[in-house]
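Shown here: target.cif, mmCIF, C-alpha atoms; chains and numbers go by the auth columns.
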```cif
data_query
#
loop_
_atom_site.group_PDB
_atom_site.id
_atom_site.type_symbol
_atom_site.label_atom_id
_atom_site.label_comp_id
_atom_site.label_asym_id
_atom_site.label_seq_id
_atom_site.Cartn_x
_atom_site.Cartn_y
_atom_site.Cartn_z
_atom_site.B_iso_or_equiv
_atom_site.auth_seq_id
_atom_site.auth_asym_id
ATOM 1 C CA MET A 1 -24.702 4.850 11.834 0.00 340 G
ATOM 2 C CA PRO A 2 -22.169 2.918 13.906 0.00 341 G
ATOM 3 C CA GLN A 3 -18.929 4.601 14.891 0.00 342 G
ATOM 4 C CA VAL A 4 -16.952 1.711 13.395 0.00 343 G
ATOM 5 C CA ALA A 5 -17.999 -0.657 10.619 0.00 344 G
ATOM 6 C CA VAL A 6 -16.758 -3.269 8.180 0.00 345 G
ATOM 7 C CA THR A 7 -19.225 -3.459 5.336 0.00 346 G
ATOM 8 C CA SER A 8 -19.638 -4.554 1.736 0.00 347 G
ATOM 9 C CA ALA A 9 -21.939 -1.583 1.080 0.00 348 G
ATOM 10 C CA PRO A 10 -20.547 1.625 -0.482 0.00 349 G
ATOM 11 C CA LEU A 11 -19.186 4.004 2.147 0.00 350 G
ATOM 12 C CA ASP A 12 -20.909 7.302 2.904 0.00 351 G
ATOM 13 C CA LEU A 13 -18.451 9.919 4.099 0.00 352 G
ATOM 14 C CA GLN A 14 -21.084 12.652 4.264 0.00 353 G
ATOM 15 C CA ALA A 15 -23.295 10.634 6.579 0.00 354 G
ATOM 16 C CA LEU A 16 -20.363 9.614 8.764 0.00 355 G
ATOM 17 C CA THR A 17 -19.171 13.220 8.969 0.00 356 G
ATOM 18 C CA ARG A 18 -22.661 14.381 9.917 0.00 357 G
ATOM 19 C CA ASP A 19 -22.824 11.758 12.661 0.00 358 G
ATOM 20 C CA VAL A 20 -19.402 12.568 14.061 0.00 359 G
ATOM 21 C CA ALA A 21 -19.578 16.346 13.836 0.00 360 G
ATOM 22 C CA GLY A 22 -23.315 16.768 14.238 0.00 361 G
ATOM 23 C CA PRO A 23 -23.887 16.503 17.982 0.00 362 G
ATOM 24 C CA GLY A 24 -21.022 18.722 19.086 0.00 363 G
ATOM 25 C CA ALA A 25 -21.872 22.406 18.830 0.00 364 G
ATOM 26 C CA GLY A 26 -18.463 22.993 20.378 0.00 365 G
ATOM 27 C CA ASP A 27 -16.613 21.556 17.409 0.00 366 G
ATOM 28 C CA GLY A 28 -14.277 23.894 15.601 0.00 367 G
ATOM 29 C CA ALA A 29 -13.142 21.384 12.996 0.00 368 G
ATOM 30 C CA VAL A 30 -13.936 18.122 11.333 0.00 369 G
ATOM 31 C CA VAL A 31 -11.221 16.406 9.302 0.00 370 G
ATOM 32 C CA THR A 32 -12.229 13.651 6.916 0.00 371 G
ATOM 33 C CA PHE A 33 -10.239 11.073 5.000 0.00 372 G
ATOM 34 C CA ALA A 34 -11.236 8.702 2.216 0.00 373 G
ATOM 35 C CA GLY A 35 -8.848 6.064 0.904 0.00 374 G
ATOM 36 C CA LEU A 36 -9.517 5.402 -2.793 0.00 375 G
ATOM 37 C CA VAL A 37 -8.786 2.534 -5.140 0.00 376 G
ATOM 38 C CA ARG A 38 -6.019 3.717 -7.468 0.00 377 G
ATOM 39 C CA ASP A 39 -5.566 2.587 -11.071 0.00 378 G
ATOM 40 C CA HIS A 40 -1.871 1.852 -10.703 0.00 379 G
ATOM 41 C CA ASN A 41 0.416 0.262 -8.132 0.00 380 G
ATOM 42 C CA GLN A 42 4.120 -0.588 -8.303 0.00 381 G
ATOM 43 C CA GLY A 43 4.162 -0.222 -12.079 0.00 382 G
ATOM 44 C CA ARG A 44 1.065 -2.345 -12.603 0.00 383 G
ATOM 45 C CA ARG A 45 -2.198 -1.190 -14.142 0.00 384 G
ATOM 46 C CA VAL A 46 -4.807 -2.060 -11.554 0.00 385 G
ATOM 47 C CA ARG A 47 -8.229 -3.267 -12.759 0.00 386 G
ATOM 48 C CA PHE A 48 -9.962 -3.590 -9.391 0.00 387 G
ATOM 49 C CA LEU A 49 -9.338 -4.699 -5.794 0.00 388 G
ATOM 50 C CA GLU A 50 -10.969 -7.322 -3.661 0.00 389 G
ATOM 51 C CA TYR A 51 -10.901 -6.776 0.097 0.00 390 G
ATOM 52 C CA GLU A 52 -11.300 -9.523 2.647 0.00 391 G
ATOM 53 C CA ALA A 53 -11.620 -9.153 6.420 0.00 392 G
ATOM 54 C CA TYR A 54 -11.691 -11.299 9.516 0.00 393 G
ATOM 55 C CA GLU A 55 -14.803 -9.370 10.345 0.00 394 G
ATOM 56 C CA PRO A 56 -15.339 -9.770 14.100 0.00 395 G
ATOM 57 C CA LEU A 57 -11.684 -9.049 14.826 0.00 396 G
ATOM 58 C CA ALA A 58 -11.571 -6.212 12.302 0.00 397 G
ATOM 59 C CA VAL A 59 -14.501 -4.515 14.042 0.00 398 G
ATOM 60 C CA ARG A 60 -12.747 -4.946 17.391 0.00 399 G
ATOM 61 C CA ALA A 61 -9.508 -3.563 15.975 0.00 400 G
ATOM 62 C CA LEU A 62 -11.332 -0.505 14.628 0.00 401 G
ATOM 63 C CA ALA A 63 -12.982 -0.016 18.029 0.00 402 G
ATOM 64 C CA ARG A 64 -9.554 -0.235 19.618 0.00 403 G
ATOM 65 C CA ILE A 65 -8.312 2.543 17.328 0.00 404 G
ATOM 66 C CA VAL A 66 -11.256 4.682 18.443 0.00 405 G
ATOM 67 C CA ASP A 67 -10.233 4.020 22.066 0.00 406 G
ATOM 68 C CA GLU A 68 -6.615 4.925 21.335 0.00 407 G
ATOM 69 C CA VAL A 69 -7.720 8.172 19.683 0.00 408 G
ATOM 70 C CA ARG A 70 -9.854 8.993 22.706 0.00 409 G
ATOM 71 C CA ALA A 71 -6.908 8.352 25.020 0.00 410 G
ATOM 72 C CA ALA A 72 -4.533 10.523 22.982 0.00 411 G
ATOM 73 C CA TRP A 73 -6.978 13.341 22.119 0.00 412 G
ATOM 74 C CA PRO A 74 -9.841 13.297 24.639 0.00 413 G
ATOM 75 C CA ASP A 75 -11.722 16.097 22.839 0.00 414 G
ATOM 76 C CA VAL A 76 -11.870 14.216 19.502 0.00 415 G
ATOM 77 C CA ARG A 77 -14.768 12.084 18.270 0.00 416 G
ATOM 78 C CA VAL A 78 -13.906 9.772 15.427 0.00 417 G
ATOM 79 C CA GLY A 79 -15.815 7.481 13.055 0.00 418 G
ATOM 80 C CA LEU A 80 -14.097 4.782 11.036 0.00 419 G
ATOM 81 C CA HIS A 81 -15.619 2.564 8.311 0.00 420 G
ATOM 82 C CA HIS A 82 -13.859 0.043 6.057 0.00 421 G
ATOM 83 C CA ARG A 83 -15.351 -1.564 2.999 0.00 422 G
ATOM 84 C CA ILE A 84 -14.792 -5.156 1.851 0.00 423 G
ATOM 85 C CA GLY A 85 -15.575 -7.095 -1.303 0.00 424 G
ATOM 86 C CA ARG A 86 -14.875 -6.014 -4.859 0.00 425 G
ATOM 87 C CA LEU A 87 -14.038 -2.330 -5.273 0.00 426 G
ATOM 88 C CA GLU A 88 -13.676 -0.550 -8.580 0.00 427 G
ATOM 89 C CA ILE A 89 -11.130 2.158 -9.404 0.00 428 G
ATOM 90 C CA GLY A 90 -12.033 5.410 -7.665 0.00 429 G
ATOM 91 C CA GLU A 91 -14.237 3.863 -5.000 0.00 430 G
ATOM 92 C CA ALA A 92 -13.560 4.503 -1.310 0.00 431 G
ATOM 93 C CA SER A 93 -12.145 1.571 0.642 0.00 432 G
ATOM 94 C CA VAL A 94 -11.915 3.373 3.981 0.00 433 G
ATOM 95 C CA ILE A 95 -13.420 6.558 5.416 0.00 434 G
ATOM 96 C CA ILE A 96 -12.590 8.440 8.596 0.00 435 G
ATOM 97 C CA ALA A 97 -14.118 11.528 10.182 0.00 436 G
ATOM 98 C CA ALA A 98 -12.580 13.201 13.219 0.00 437 G
ATOM 99 C CA ALA A 99 -14.204 16.177 14.941 0.00 438 G
ATOM 100 C CA SER A 100 -12.760 18.352 17.677 0.00 439 G
ATOM 101 C CA PRO A 101 -12.906 21.857 19.110 0.00 440 G
ATOM 102 C CA HIS A 102 -9.383 22.237 17.692 0.00 441 G
ATOM 103 C CA ARG A 103 -8.233 21.562 14.133 0.00 442 G
ATOM 104 C CA SER A 104 -4.809 20.325 15.193 0.00 443 G
ATOM 105 C CA HIS A 105 -6.401 17.535 17.217 0.00 444 G
ATOM 106 C CA ALA A 106 -8.818 16.629 14.422 0.00 445 G
ATOM 107 C CA PHE A 107 -6.019 16.456 11.826 0.00 446 G
ATOM 108 C CA ALA A 108 -3.771 14.409 14.092 0.00 447 G
ATOM 109 C CA ALA A 109 -6.504 11.972 15.130 0.00 448 G
ATOM 110 C CA CYS A 110 -7.565 11.380 11.529 0.00 449 G
ATOM 111 C CA ARG A 111 -4.005 10.665 10.427 0.00 450 G
ATOM 112 C CA TYR A 112 -3.339 8.478 13.449 0.00 451 G
ATOM 113 C CA ALA A 113 -6.456 6.428 12.701 0.00 452 G
ATOM 114 C CA ILE A 114 -5.488 5.595 9.107 0.00 453 G
ATOM 115 C CA GLU A 115 -1.921 4.711 10.114 0.00 454 G
ATOM 116 C CA ARG A 116 -3.268 2.312 12.752 0.00 455 G
ATOM 117 C CA VAL A 117 -5.719 0.793 10.258 0.00 456 G
ATOM 118 C CA LYS A 118 -2.782 -0.047 8.027 0.00 457 G
ATOM 119 C CA GLN A 119 -0.780 -1.447 10.931 0.00 458 G
ATOM 120 C CA MET A 120 -3.167 -3.767 12.657 0.00 459 G
ATOM 121 C CA VAL A 121 -6.698 -4.214 11.293 0.00 460 G
ATOM 122 C CA PRO A 122 -7.142 -7.737 9.839 0.00 461 G
ATOM 123 C CA ILE A 123 -8.142 -6.733 6.329 0.00 462 G
ATOM 124 C CA TRP A 124 -6.374 -7.783 3.126 0.00 463 G
ATOM 125 C CA LYS A 125 -6.554 -6.598 -0.445 0.00 464 G
ATOM 126 C CA ARG A 126 -6.081 -8.683 -3.523 0.00 465 G
ATOM 127 C CA GLU A 127 -5.023 -6.652 -6.508 0.00 466 G
ATOM 128 C CA TYR A 128 -6.312 -7.639 -9.932 0.00 467 G
ATOM 129 C CA PHE A 129 -4.047 -6.005 -12.474 0.00 468 G
ATOM 130 C CA GLU A 130 -3.501 -6.333 -16.202 0.00 469 G
ATOM 131 C CA GLY A 131 -1.744 -9.667 -16.470 0.00 470 G
ATOM 132 C CA GLY A 132 -2.612 -11.279 -13.159 0.00 471 G
ATOM 133 C CA ASP A 133 -3.527 -10.875 -9.523 0.00 472 G
ATOM 134 C CA THR A 134 -1.704 -10.849 -6.217 0.00 473 G
ATOM 135 C CA TRP A 135 -2.404 -10.538 -2.504 0.00 474 G
ATOM 136 C CA LEU A 136 -0.847 -7.437 -1.023 0.00 475 G
ATOM 137 C CA GLU A 137 0.812 -7.900 2.346 0.00 476 G
ATOM 138 C CA GLY A 138 1.880 -5.017 4.534 0.00 477 G
ATOM 139 C CA ALA A 139 2.358 -5.028 8.282 0.00 478 G
ATOM 140 C CA THR A 140 2.423 -7.893 10.753 0.00 479 G
ATOM 141 C CA ALA A 141 -0.614 -7.037 12.843 0.00 480 G
ATOM 142 C CA ASP A 142 0.094 -6.620 16.547 0.00 481 G
ATOM 143 C CA PRO A 143 -2.060 -4.127 18.421 0.00 482 G
ATOM 144 C CA ASP A 144 0.257 -4.305 21.431 0.00 483 G
ATOM 145 C CA ASP A 145 3.345 -3.313 19.446 0.00 484 G
ATOM 146 C CA GLU A 146 4.195 -0.071 21.243 0.00 485 G
ATOM 147 C CA GLN A 147 6.786 0.879 18.655 0.00 486 G
ATOM 148 C CA ALA A 148 4.179 0.763 15.867 0.00 487 G
ATOM 149 C CA LYS A 149 1.793 2.794 17.989 0.00 488 G
ATOM 150 C CA GLN A 150 4.468 5.393 18.680 0.00 489 G
ATOM 151 C CA GLU A 151 5.307 5.543 14.973 0.00 490 G
ATOM 152 C CA ALA A 152 1.652 6.200 14.094 0.00 491 G
ATOM 153 C CA TYR A 153 1.541 8.924 16.756 0.00 492 G
ATOM 154 C CA ARG A 154 4.750 10.471 15.461 0.00 493 G
ATOM 155 C CA ILE A 155 3.408 10.598 11.891 0.00 494 G
ATOM 156 C CA ALA A 156 0.096 12.002 13.127 0.00 495 G
ATOM 157 C CA CYS A 157 1.757 14.849 14.965 0.00 496 G
ATOM 158 C CA ALA A 158 4.484 15.617 12.424 0.00 497 G
ATOM 159 C CA MET B 1 -10.643 -31.918 21.307 0.00 1192 Z
ATOM 160 C CA ARG B 2 -11.638 -30.161 18.145 0.00 1193 Z
ATOM 161 C CA VAL B 3 -10.917 -26.606 16.991 0.00 1194 Z
ATOM 162 C CA THR B 4 -11.961 -24.562 13.995 0.00 1195 Z
ATOM 163 C CA VAL B 5 -9.024 -23.178 12.050 0.00 1196 Z
ATOM 164 C CA ARG B 6 -9.583 -19.976 10.063 0.00 1197 Z
ATOM 165 C CA LEU B 7 -7.194 -18.914 7.312 0.00 1198 Z
ATOM 166 C CA PHE B 8 -7.271 -15.649 5.414 0.00 1199 Z
ATOM 167 C CA ALA B 9 -5.999 -14.086 2.205 0.00 1200 Z
ATOM 168 C CA ARG B 10 -2.977 -15.917 0.786 0.00 1201 Z
ATOM 169 C CA LEU B 11 -2.943 -18.461 3.620 0.00 1202 Z
ATOM 170 C CA ARG B 12 -6.471 -19.398 2.626 0.00 1203 Z
ATOM 171 C CA ASP B 13 -5.433 -19.748 -1.013 0.00 1204 Z
ATOM 172 C CA LEU B 14 -2.431 -21.907 -0.084 0.00 1205 Z
ATOM 173 C CA ALA B 15 -4.583 -24.185 2.063 0.00 1206 Z
ATOM 174 C CA GLY B 16 -7.420 -24.276 -0.450 0.00 1207 Z
ATOM 175 C CA ALA B 17 -9.928 -23.569 2.330 0.00 1208 Z
ATOM 176 C CA GLY B 18 -10.735 -20.752 4.730 0.00 1209 Z
ATOM 177 C CA GLU B 19 -12.123 -22.941 7.455 0.00 1210 Z
ATOM 178 C CA LEU B 20 -10.911 -26.352 8.652 0.00 1211 Z
ATOM 179 C CA LEU B 21 -11.852 -28.567 11.583 0.00 1212 Z
ATOM 180 C CA ARG B 22 -8.891 -30.163 13.299 0.00 1213 Z
ATOM 181 C CA ASP B 23 -8.468 -32.522 16.245 0.00 1214 Z
ATOM 182 C CA VAL B 24 -5.655 -31.468 18.551 0.00 1215 Z
ATOM 183 C CA PRO B 25 -4.288 -32.790 21.876 0.00 1216 Z
ATOM 184 C CA ASP B 26 -5.877 -31.501 25.093 0.00 1217 Z
ATOM 185 C CA ALA B 27 -2.925 -29.368 26.138 0.00 1218 Z
ATOM 186 C CA ALA B 28 -2.632 -27.720 22.737 0.00 1219 Z
ATOM 187 C CA THR B 29 -1.519 -24.156 22.148 0.00 1220 Z
ATOM 188 C CA VAL B 30 -1.951 -22.013 19.066 0.00 1221 Z
ATOM 189 C CA GLY B 31 1.579 -23.147 18.167 0.00 1222 Z
ATOM 190 C CA THR B 32 0.550 -26.806 18.355 0.00 1223 Z
ATOM 191 C CA VAL B 33 -2.292 -26.152 15.927 0.00 1224 Z
ATOM 192 C CA TRP B 34 0.006 -24.227 13.597 0.00 1225 Z
ATOM 193 C CA ARG B 35 2.721 -26.884 13.564 0.00 1226 Z
ATOM 194 C CA SER B 36 0.275 -29.662 12.725 0.00 1227 Z
ATOM 195 C CA LEU B 37 -1.064 -27.528 9.881 0.00 1228 Z
ATOM 196 C CA THR B 38 2.389 -26.935 8.455 0.00 1229 Z
ATOM 197 C CA VAL B 39 3.141 -30.663 8.571 0.00 1230 Z
ATOM 198 C CA GLU B 40 -0.012 -31.186 6.550 0.00 1231 Z
ATOM 199 C CA MET B 41 0.611 -28.166 4.283 0.00 1232 Z
ATOM 200 C CA PRO B 42 4.319 -27.238 4.218 0.00 1233 Z
ATOM 201 C CA ALA B 43 3.678 -24.201 1.985 0.00 1234 Z
ATOM 202 C CA LEU B 44 2.120 -22.402 4.954 0.00 1235 Z
ATOM 203 C CA ALA B 45 5.322 -22.532 7.003 0.00 1236 Z
ATOM 204 C CA ALA B 46 6.891 -19.508 5.302 0.00 1237 Z
ATOM 205 C CA TYR B 47 4.343 -17.307 7.094 0.00 1238 Z
ATOM 206 C CA GLU B 48 5.412 -18.253 10.593 0.00 1239 Z
ATOM 207 C CA SER B 49 7.654 -15.220 11.111 0.00 1240 Z
ATOM 208 C CA THR B 50 5.274 -12.607 9.682 0.00 1241 Z
ATOM 209 C CA MET B 51 1.747 -13.754 10.508 0.00 1242 Z
ATOM 210 C CA SER B 52 -0.456 -12.876 13.460 0.00 1243 Z
ATOM 211 C CA VAL B 53 -2.767 -15.238 15.292 0.00 1244 Z
ATOM 212 C CA ALA B 54 -6.121 -14.922 17.005 0.00 1245 Z
ATOM 213 C CA VAL B 55 -8.225 -17.108 19.278 0.00 1246 Z
ATOM 214 C CA ASN B 56 -11.982 -16.588 19.190 0.00 1247 Z
ATOM 215 C CA ALA B 57 -11.552 -13.334 17.257 0.00 1248 Z
ATOM 216 C CA GLU B 58 -9.093 -11.771 19.707 0.00 1249 Z
ATOM 217 C CA TYR B 59 -5.420 -11.295 18.902 0.00 1250 Z
ATOM 218 C CA ALA B 60 -3.335 -13.899 20.722 0.00 1251 Z
ATOM 219 C CA ARG B 61 0.188 -15.327 20.885 0.00 1252 Z
ATOM 220 C CA MET B 62 1.503 -18.663 19.646 0.00 1253 Z
ATOM 221 C CA THR B 63 1.853 -19.740 23.285 0.00 1254 Z
ATOM 222 C CA ALA B 64 -1.838 -19.189 24.091 0.00 1255 Z
ATOM 223 C CA SER B 65 -3.665 -22.355 25.047 0.00 1256 Z
ATOM 224 C CA VAL B 66 -6.679 -23.440 23.022 0.00 1257 Z
ATOM 225 C CA HIS B 67 -9.807 -25.223 24.176 0.00 1258 Z
ATOM 226 C CA ASP B 68 -12.394 -27.481 22.638 0.00 1259 Z
ATOM 227 C CA GLY B 69 -14.588 -25.525 20.242 0.00 1260 Z
ATOM 228 C CA ASP B 70 -12.188 -22.568 19.917 0.00 1261 Z
ATOM 229 C CA GLU B 71 -11.706 -20.725 16.657 0.00 1262 Z
ATOM 230 C CA VAL B 72 -7.999 -20.326 15.903 0.00 1263 Z
ATOM 231 C CA ALA B 73 -7.140 -17.873 13.129 0.00 1264 Z
ATOM 232 C CA PHE B 74 -3.879 -17.360 11.231 0.00 1265 Z
ATOM 233 C CA LEU B 75 -3.494 -13.949 9.640 0.00 1266 Z
ATOM 234 C CA PRO B 76 -0.937 -12.949 7.002 0.00 1267 Z
ATOM 235 C CA PRO B 77 0.467 -9.392 7.151 0.00 1268 Z
ATOM 236 C CA VAL B 78 -2.464 -7.030 6.764 0.00 1269 Z
ATOM 237 C CA SER B 79 -3.081 -4.632 3.867 0.00 1270 Z
ATOM 238 C CA GLY B 80 -6.213 -2.691 4.705 0.00 1271 Z
ATOM 239 C CA GLY B 81 -6.760 0.954 3.948 0.00 1272 Z
#
```

As structure tokens, what does this structure read like?
Amino acid sequence: MPQVAVTSAPLDLQALTRDVAGPGAGDGAVVTFAGLVRDHNQGRRVRFLEYEAYEPLAVRALARIVDEVRAAWPDVRVGLHHRIGRLEIGEASVIIAAASPHRSHAFAACRYAIERVKQMVPIWKREYFEGGDTWLEGATADPDDEQAKQEAYRIACA
Amino acid sequence: MRVTVRLFARLRDLAGAGELLRDVPDAATVGTVWRSLTVEMPALAAYESTMSVAVNAEYARMTASVHDGDEVAFLPPVSGG
């Protein structure tokens, strides 16, 4: 499977983990992350989410995160998939697998990747809750914002 | 010249369409395209300080020049993950 993907199909963390950690007999650790659709948000009871992406740019942004991970932790291999479309409570919206000879690098790279996804990948979620719906808006996406990058790195290595 | 404008998430809802064709002057920048859109649809203007822009599916700046056939995208603050 591709290292990065934006897809309307259900995400497969096991397969991604196998791909990322499989080839490297020298790996001492693989850290995985799955972001799930939660049934509540800011006091609202969430019914489901709908994700939308600017797909070609989202794929490029994910690839850029992979490049940034490689630059920061050269011994890490990372896979990063984001789902779009309607997602029910409990389903995975994003999955990440990071493998490395060293657990500290794998943990840091995995955390860095999700922070960067939230900062600058052109994907949006619309929350359908009991009583209405609303677009959620987080960060102004700017991949060249060094301060944001440093913040993601700081969180990753905390 | 003619460009394709792409709008996403709430910007798309406000405009009532995710894709628009617009004629712009030859020396246009992303900013030129944006300003003509906000004249047409003033509700979009509130996003100027928080949105990002892209030309042909690459992040760009408001000062970037656009060419005939380009795809110019306006992106509200993102909420992936």

Task: Expected answer as a VMD selection string: chain Z residues within 10 Å of chain G, only C-alpha atoms - done: chain Z and resid 1197 to 1201 1204 1240 to 1252 1264 1266 to 1272

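Residue nearest Leu1228 in chain Z, chosen from Z:Gly1260, Z:Gly1207, Z:Arg1213, Z:Ala1255 and counting only C-alpha atoms: Z:Arg1213.
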
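Of the listed residues (G:Val369, G:Val345, G:Val385, G:Leu355), G:Val369 comes nearest to Ala438 in chain G; the distances count all atoms listed in the file.
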
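In this structure, CA of Lys488 in chain G sits 22.6 Å away from CA of Glu1239 in chain Z.
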
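Atom pair CA of Arg1203 in chain Z / CA of His420 in chain G has a distance of 24.5 Å (rounded to one decimal).
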
- [ ] Write out as a VMD selection string which residues come within 12 Å of Gly382 in chain G when counting all atoms listed in the file, dropping same-chain ones fewer than 6 positions away.
- [x] chain G and resid 468 to 470

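Proximity of G:Val417, G:Arg377, G:Gly365, G:Arg425 to Thr346 in chain G, computed with all atoms listed in the file, is greatest for G:Arg425.
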
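You will find CA of Ile428 in chain G at 7.0 Å from CA of Arg386 in chain G.
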
Open item on the list: Can you pull out the residues contacting Asp1259 in chain Z? Cut-off 8 Å, using only C-alpha atoms, and skip same-chain residues under 6 positions away; I want them as a VMD selection string.
Closed with: chain Z and resid 1192 to 1194

Quick one: 8 Å padding each side, axis-aligned, all listed atoms of range 1243-1257 of chain Z - centre and edge lengths in Å to one decimal, as JSON?
```
{"center_x": -5.1, "center_y": -17.4, "center_z": 19.3, "size_x": 29.8, "size_y": 28.1, "size_z": 27.6}
```

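With all atoms listed in the file as the atoms that count, the minimum distance from Thr1254 in chain Z to the choices Z:Ala1218, Z:Leu1211, Z:Val1196, Z:Leu1202 is reached by Z:Ala1218.
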
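Proximity ranking of G:Ala402, G:Cys449, G:Gly471, G:Arg357 relative to Phe387 in chain G places G:Gly471 first, based on all atoms listed in the file.
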
Task: Residues matched by the PyMOL selection byres ((chain G and resi 412) around 10) as JSON, numbers by chain - done: {"G": [406, 407, 408, 409, 410, 411, 413, 414, 415, 416, 439, 444, 445, 447, 448]}
